[in-house]
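Undergrad: Just passing along the structure, written as structure tokens.
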Amino acid sequence: MNKKTALIFFGIIVIGGGVSFFTLRNYFKPVPVAVSDVPQPVDGEPVKPAALVPVVPDKPVETAATPAPVSAVPEKKDAPAATAPVGVFSSPEAAMAALAGKVGQKDFAGFAVVTGPEAIAEPLKNQVKSLIESSDQKLDAAKPFIEISKSADSLRWALNFVPNAGSAEIRQLYVDLTDVGKGAVDITKIGFPFETGTTLDKGVATAPKVAAAMTPEQNSDALTVAHAFSRAVIQRDFNTARELSDRSTVTDERVAALMIAVEEGNFALKEERPLVVTLSRDDITWVLTRVQSDQIASEFALELGRVEKSWKVNGLTFSKVLSVLSERGGAGDIAYSPIVDDPSGGDSLVLYFEFNEAGLTERTTRQLAIVAGILKQGEDGVIRINGHADAIGSDQYNIELSNKRAGSIQQALLALGVKPNQVITEAFGAKKPRKPNFLPDGSDNPGGRSQNRRAEVLLDF
């Protein structure tokens with residue numbers, strides 16, 4: 001190796017050593033540590049300084065991954081099952097069964113737990129407690145609860161209470177349920193029906209009672225008013241029906257006619273879901289009342305609105321009931337429709353008779369009890385009874401027959417407590433038929449004649 005070559009070789013070594021020195025010096029440069037991160041002495045005891053952590057420049061050094069021991073891996077746990085809030089049940093039947101169980105145990109505290117804390121309004125708690133804990137009342141064993149109504153997002157059911165002995169009259173406790181999805185329901189409200197007044201017993205009118213004042217909770221509930229009105233109609237309780245309706249839009253004749261139609265069809269409220277809410281808003285509610293007899297079913301419609309902060313029935317339609325009665329009437333039978341157009345305007349009530357008869361049937365007597373209830377509301381009320389006949393027989397005979405029919409109704413009303421000066425009668429014979437007595441070909445028309453054998457009742461208030 002000559003001198004030039006030796007100088008180059010040792011120069012490379014010196015340069016390489018310098019590079020290595022500076023590289024290793026940077027590699028082991030300590031990480032600056034904040035004062036707050038350095039352990040401080042406790043009670044004057046010295047603390048050993050923390051080890052310095054090297055910073056890996058640029059690319060970290062790769063190390064083999066060490067699997068954690070099995071015991072160190074946290075076990076996967078199932079998510080806790082969702083628990084339903086108080087008052088929520090899988091179905092209406094489940095909710096009612098839970099409440100019925102508490103009633104059977106006379107356990108009001110448990111009943112209140114099942115309903116949730118806000119379902120029973122404070123003013124009603126004592127009444128609910130008294131009914132549940134009563135030794136005189138129990139749940140109806142055959143039908144402890146039933147569905148009363150249904151709307152788009154809510155339902156009303158009722159618990160049925162009967163006396164332990166004596167009368168089988170049912171008292172009910174309302175349970176309002178809200179649909180919370182997938183068939184589940186939430187108990188939202190407990191309440192009482194509106195108690196109606198005295199009803200008729202076997203066609204004999206008892207002393208009428210003015211309907212008792214409703215509680216604020218009931219006044220704020222259109223469905224309670226609709227149910228009470230419908231029950232009053234079925235029970236022929238005219239005074240309660242009038243108390244629950246708006247007199248400025250629903251006439252006495254119309255209420256009485258509905259009661260007579262219900263009587264004519266021998267209708268009762270359907271046991272399951274008698275009411276269907278078709279519209280519910282803050283200011284208006286529409287309800288269909290479903291009725292049933294042994295052979296036929298029908299319905300009438302109620303429109304309810306607010307009158308001085310209380311809900312009232314302000315619209316009443318029962319064309320479907322009349323249609324069903326019309327179809328059932330048939331040729332030769334006593335006619336069906338209890339209301340006809342009054343030629344002078346408004347409505348007239350109408351009662352029908354058998355062929356060549358002026359006597360009243362048992363059903364007509366019950367219908368007149370409704371009319372008597374209207375008249376006894378005030379001494380100024382006057383009723384006009386117009387007797388009519390079909391075209392079979394002479395004119396003189398039909399005048400006499402129609403006069404006897406009007407007189408039979410007059411005597412029945414007087415027997416029911418109506419004053420003589422409140423009843424005016426007139427006989428028209430066959431002069432004012434409602435339907436043709438004969439067909440266009442001259443043959444007999446029994447169906448038409450059945451509707452002409454009548455007495456029309458006009459209320460003049």
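Naming scheme: A, B, ... for chains in displayed order of the structure tokens; residues 1 onward per chain; ligands 1 onward as shown.
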Got a sec: who's within 12 Å of Asn398 of chain A, counting only C-alpha atoms, leaving out chain neighbours fewer than 5 positions off, as a PyMOL selection string?

TA: chain A and resi 355-358+387-393+403-405+427-432+452-454

Undergrad: Given the selection you just returned, output its residues as a file containing N, CA and C atoms, formatted as a PDB file, in the first residue's frame.

TA:
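Final output, saved to again_12.pdb:
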ATOM      1  N   PHE A 355    -153.428  -3.877  11.047  1.00  0.00           N
ATOM      2  CA  PHE A 355    -154.554  -3.659  10.136  1.00  0.00           C
ATOM      3  C   PHE A 355    -155.879  -3.664  10.907  1.00  0.00           C
ATOM      4  N   ASN A 356    -156.669  -2.624  10.693  1.00  0.00           N
ATOM      5  CA  ASN A 356    -158.010  -2.504  11.258  1.00  0.00           C
ATOM      6  C   ASN A 356    -157.989  -2.462  12.789  1.00  0.00           C
ATOM      7  N   GLU A 357    -156.856  -2.027  13.373  1.00  0.00           N
ATOM      8  CA  GLU A 357    -156.725  -1.971  14.827  1.00  0.00           C
ATOM      9  C   GLU A 357    -156.394  -0.551  15.281  1.00  0.00           C
ATOM     10  N   ALA A 358    -156.892  -0.200  16.480  1.00  0.00           N
ATOM     11  CA  ALA A 358    -156.572   1.085  17.089  1.00  0.00           C
ATOM     12  C   ALA A 358    -155.863   0.911  18.424  1.00  0.00           C
ATOM     13  N   GLY A 387    -154.054  11.215  13.491  1.00  0.00           N
ATOM     14  CA  GLY A 387    -154.362   9.829  13.185  1.00  0.00           C
ATOM     15  C   GLY A 387    -154.594   9.617  11.696  1.00  0.00           C
ATOM     16  N   HIS A 388    -154.111   8.449  11.182  1.00  0.00           N
ATOM     17  CA  HIS A 388    -154.233   8.137   9.751  1.00  0.00           C
ATOM     18  C   HIS A 388    -154.637   6.677   9.572  1.00  0.00           C
ATOM     19  N   ALA A 389    -155.123   6.361   8.361  1.00  0.00           N
ATOM     20  CA  ALA A 389    -155.529   4.993   8.028  1.00  0.00           C
ATOM     21  C   ALA A 389    -155.133   4.690   6.594  1.00  0.00           C
ATOM     22  N   ASP A 390    -155.152   3.411   6.230  1.00  0.00           N
ATOM     23  CA  ASP A 390    -154.921   3.073   4.831  1.00  0.00           C
ATOM     24  C   ASP A 390    -156.240   3.200   4.070  1.00  0.00           C
ATOM     25  N   ALA A 391    -156.232   2.812   2.789  1.00  0.00           N
ATOM     26  CA  ALA A 391    -157.386   3.077   1.922  1.00  0.00           C
ATOM     27  C   ALA A 391    -158.413   1.947   1.904  1.00  0.00           C
ATOM     28  N   ILE A 392    -158.222   0.916   2.691  1.00  0.00           N
ATOM     29  CA  ILE A 392    -159.194  -0.168   2.743  1.00  0.00           C
ATOM     30  C   ILE A 392    -160.369   0.274   3.624  1.00  0.00           C
ATOM     31  N   GLY A 393    -161.612   0.244   3.064  1.00  0.00           N
ATOM     32  CA  GLY A 393    -162.781   0.679   3.819  1.00  0.00           C
ATOM     33  C   GLY A 393    -163.287   2.024   3.324  1.00  0.00           C
ATOM     34  N   ASN A 403    -159.330   8.400  14.107  1.00  0.00           N
ATOM     35  CA  ASN A 403    -159.624   9.144  15.322  1.00  0.00           C
ATOM     36  C   ASN A 403    -159.405   8.273  16.557  1.00  0.00           C
ATOM     37  N   LYS A 404    -159.790   6.990  16.467  1.00  0.00           N
ATOM     38  CA  LYS A 404    -159.570   6.060  17.582  1.00  0.00           C
ATOM     39  C   LYS A 404    -158.065   5.857  17.828  1.00  0.00           C
ATOM     40  N   ARG A 405    -157.288   5.801  16.766  1.00  0.00           N
ATOM     41  CA  ARG A 405    -155.838   5.619  16.911  1.00  0.00           C
ATOM     42  C   ARG A 405    -155.218   6.810  17.630  1.00  0.00           C
ATOM     43  N   ALA A 427    -157.994  13.705  13.282  1.00  0.00           N
ATOM     44  CA  ALA A 427    -158.136  12.500  12.460  1.00  0.00           C
ATOM     45  C   ALA A 427    -158.194  12.878  10.977  1.00  0.00           C
ATOM     46  N   PHE A 428    -157.426  12.153  10.141  1.00  0.00           N
ATOM     47  CA  PHE A 428    -157.363  12.439   8.711  1.00  0.00           C
ATOM     48  C   PHE A 428    -157.824  11.272   7.848  1.00  0.00           C
ATOM     49  N   GLY A 429    -158.127  10.143   8.420  1.00  0.00           N
ATOM     50  CA  GLY A 429    -158.534   8.990   7.631  1.00  0.00           C
ATOM     51  C   GLY A 429    -157.447   8.582   6.658  1.00  0.00           C
ATOM     52  N   ALA A 430    -157.844   8.351   5.388  1.00  0.00           N
ATOM     53  CA  ALA A 430    -156.889   7.925   4.351  1.00  0.00           C
ATOM     54  C   ALA A 430    -156.459   9.085   3.459  1.00  0.00           C
ATOM     55  N   LYS A 431    -156.719  10.332   3.879  1.00  0.00           N
ATOM     56  CA  LYS A 431    -156.483  11.487   3.014  1.00  0.00           C
ATOM     57  C   LYS A 431    -155.006  11.819   2.811  1.00  0.00           C
ATOM     58  N   LYS A 432    -154.128  11.437   3.751  1.00  0.00           N
ATOM     59  CA  LYS A 432    -152.713  11.820   3.656  1.00  0.00           C
ATOM     60  C   LYS A 432    -151.800  10.596   3.739  1.00  0.00           C
ATOM     61  N   ASN A 452    -149.124   3.549   6.118  1.00  0.00           N
ATOM     62  CA  ASN A 452    -150.201   4.527   6.214  1.00  0.00           C
ATOM     63  C   ASN A 452    -151.080   4.308   7.446  1.00  0.00           C
ATOM     64  N   ARG A 453    -151.006   3.149   8.059  1.00  0.00           N
ATOM     65  CA  ARG A 453    -151.751   2.873   9.295  1.00  0.00           C
ATOM     66  C   ARG A 453    -150.932   3.424  10.463  1.00  0.00           C
ATOM     67  N   ARG A 454    -151.084   4.713  10.739  1.00  0.00           N
ATOM     68  CA  ARG A 454    -150.118   5.352  11.617  1.00  0.00           C
ATOM     69  C   ARG A 454    -150.752   6.498  12.387  1.00  0.00           C
TER      70      ARG A 454
END

Undergrad: Quick one: everything within 10 Å of Leu223 of chain A, counting only C-alpha atoms, minus sequence neighbours fewer than 3 positions away in the same chain. Send it as a list in words.

TA: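 Neighbouring residues, sequence-local ones excluded: Ile148, Ser149, Arg156, Pro193, Gln218, Asn219, Ser220, Ala226, His227, Ala228, Phe229, Leu275, Val276, Val277, Ser280, Thr285, Trp286, Val287, Leu304 and Trp311 of chain A.
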
Undergrad: Would you compute the distance between atom CA of Ile383 of chain A and atom CA of Val457 of chain A? Give it in Å to one decimal.

TA: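 It comes out at 6.7 Å.
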
Undergrad: Which one of A:Ala455, A:Ile424, A:Ala94, A:Leu413 sits closest to Leu401 of chain A if you count only C-alpha atoms?

TA: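 So, comparing all the options, the nearest one is A:Ala455.
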
Undergrad: Extract, using only C-alpha atoms, all DNA, RNA and protein residues at most 10 Å from segment 87-93 of chain A, discarding same-chain residues fewer than 4 positions from it, and format them as an MDAnalysis selection string.

TA: chainID A and resid 83 97:99 112:119 145:147 155:157 175:188

Undergrad: Produce a file of the selected residues containing N, CA and C atoms, as a tab-separated table (two decimals), in the first residue's frame.

TA:
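Once written, result-v1.tsv looks like this:
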chain	number	residue	atom	x	y	z
A	83	THR	N	-85.70	-3.93	29.31
A	83	THR	CA	-86.83	-4.11	30.21
A	83	THR	C	-87.89	-3.09	29.88
A	97	ALA	N	-105.45	-8.51	32.11
A	97	ALA	CA	-105.31	-9.67	33.01
A	97	ALA	C	-104.48	-9.29	34.24
A	98	ALA	N	-103.44	-8.47	34.05
A	98	ALA	CA	-102.62	-8.04	35.18
A	98	ALA	C	-103.44	-7.18	36.15
A	99	LEU	N	-104.26	-6.29	35.61
A	99	LEU	CA	-105.10	-5.46	36.47
A	99	LEU	C	-106.16	-6.30	37.17
A	112	ALA	N	-102.13	0.12	41.40
A	112	ALA	CA	-101.52	1.39	41.02
A	112	ALA	C	-100.12	1.20	40.46
A	113	VAL	N	-99.40	0.19	40.96
A	113	VAL	CA	-98.07	-0.11	40.43
A	113	VAL	C	-98.18	-0.61	38.99
A	114	VAL	N	-99.16	-1.46	38.73
A	114	VAL	CA	-99.35	-2.00	37.39
A	114	VAL	C	-99.70	-0.90	36.39
A	115	THR	N	-100.54	0.04	36.81
A	115	THR	CA	-100.96	1.10	35.89
A	115	THR	C	-99.86	2.11	35.61
A	116	GLY	N	-98.93	2.26	36.57
A	116	GLY	CA	-97.94	3.32	36.45
A	116	GLY	C	-98.36	4.51	37.29
A	117	PRO	N	-97.43	5.40	37.59
A	117	PRO	CA	-97.68	6.46	38.58
A	117	PRO	C	-98.65	7.55	38.13
A	118	GLU	N	-98.87	7.74	36.83
A	118	GLU	CA	-99.67	8.89	36.38
A	118	GLU	C	-101.02	8.49	35.79
A	119	ALA	N	-101.35	7.21	35.77
A	119	ALA	CA	-102.57	6.77	35.11
A	119	ALA	C	-103.84	7.11	35.89
A	145	PHE	N	-113.36	-8.47	31.89
A	145	PHE	CA	-113.03	-7.24	31.18
A	145	PHE	C	-113.43	-7.37	29.72
A	146	ILE	N	-113.74	-6.22	29.11
A	146	ILE	CA	-114.15	-6.17	27.71
A	146	ILE	C	-113.52	-4.95	27.04
A	147	GLU	N	-113.49	-4.98	25.72
A	147	GLU	CA	-113.02	-3.84	24.93
A	147	GLU	C	-114.20	-2.92	24.65
A	155	LEU	N	-106.90	2.58	22.62
A	155	LEU	CA	-108.01	1.69	22.90
A	155	LEU	C	-108.57	2.02	24.28
A	156	ARG	N	-109.84	1.68	24.47
A	156	ARG	CA	-110.43	1.76	25.80
A	156	ARG	C	-111.03	0.40	26.13
A	157	TRP	N	-110.62	-0.14	27.27
A	157	TRP	CA	-111.18	-1.38	27.79
A	157	TRP	C	-111.87	-1.04	29.11
A	175	VAL	N	-110.19	1.59	31.38
A	175	VAL	CA	-108.73	1.50	31.27
A	175	VAL	C	-108.35	1.93	29.86
A	176	ASP	N	-107.68	3.07	29.73
A	176	ASP	CA	-107.25	3.56	28.43
A	176	ASP	C	-105.83	3.07	28.13
A	177	LEU	N	-105.65	2.58	26.91
A	177	LEU	CA	-104.37	2.00	26.48
A	177	LEU	C	-103.89	2.71	25.22
A	178	THR	N	-102.59	2.91	25.12
A	178	THR	CA	-101.99	3.52	23.93
A	178	THR	C	-101.09	2.51	23.24
A	179	ASP	N	-101.22	2.42	21.93
A	179	ASP	CA	-100.39	1.51	21.14
A	179	ASP	C	-98.97	2.07	21.07
A	180	VAL	N	-97.99	1.27	21.53
A	180	VAL	CA	-96.59	1.71	21.49
A	180	VAL	C	-95.79	0.94	20.45
A	181	GLY	N	-96.47	0.18	19.60
A	181	GLY	CA	-95.80	-0.52	18.51
A	181	GLY	C	-95.65	-2.01	18.74
A	182	LYS	N	-95.74	-2.76	17.65
A	182	LYS	CA	-95.57	-4.21	17.66
A	182	LYS	C	-96.56	-4.91	18.60
A	183	GLY	N	-97.75	-4.36	18.68
A	183	GLY	CA	-98.79	-4.97	19.49
A	183	GLY	C	-98.74	-4.63	20.96
A	184	ALA	N	-97.67	-3.98	21.42
A	184	ALA	CA	-97.54	-3.64	22.84
A	184	ALA	C	-98.38	-2.41	23.16
A	185	VAL	N	-98.84	-2.32	24.40
A	185	VAL	CA	-99.66	-1.19	24.82
A	185	VAL	C	-99.17	-0.63	26.15
A	186	ASP	N	-99.46	0.64	26.35
A	186	ASP	CA	-99.10	1.34	27.59
A	186	ASP	C	-100.40	1.76	28.27
A	187	ILE	N	-100.54	1.46	29.55
A	187	ILE	CA	-101.70	1.91	30.32
A	187	ILE	C	-101.52	3.39	30.61
A	188	THR	N	-102.44	4.21	30.11
A	188	THR	CA	-102.27	5.66	30.21
A	188	THR	C	-103.29	6.34	31.11

Undergrad: Determine the nearest neighbour of Val233 of chain A from the options A:Leu459, A:Leu360, A:Val307, A:Ile370, counting only C-alpha atoms.

TA: A:Ile370

Undergrad: Where does DSSP see alpha helix (DSSP H) in segment 315-436 of chain A, if you list the residues as a ChimeraX atom specification?

TA: /A:319-329,362-375,395-415

Undergrad: Write out as a PyMOL selection string the residues lying within 6 Å of segment 244-249 of chain A, counting only C-alpha atoms and excluding same-chain residues fewer than 5 positions away.

TA: chain A and resi 312-314

Undergrad: Check the smallest atom-to-atom distance from each of A:Ile132, A:Ile234, A:Ala222, A:Val103 to Asp283 of chain A using only C-alpha atoms, then report the winner.

TA: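 Using only C-alpha atoms, the shortest distance to Asp283 of chain A belongs to A:Ala222.
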
Undergrad: At what distance in Å, to one decimal, does atom CA of Ala297 of chain A lie from atom CA of Ala241 of chain A?

TA: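 Between these atoms lies a distance of 21.8 Å.
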
Undergrad: At a cut-off of 7 Å, using only C-alpha atoms, what residues contact segment 254-257 of chain A? Leave out same-chain residues fewer than 4 positions from it and give the result as a VMD selection string.

TA: chain A and resid 250 261 338 to 339 349 370 to 371

Undergrad: Among segment 241-284 of chain A, which ones does DSSP assign to strand (DSSP E or B) (computed from the backbone)? Answer as a PyMOL selection string.

TA: chain A and resi 245+268-269+275-280+284
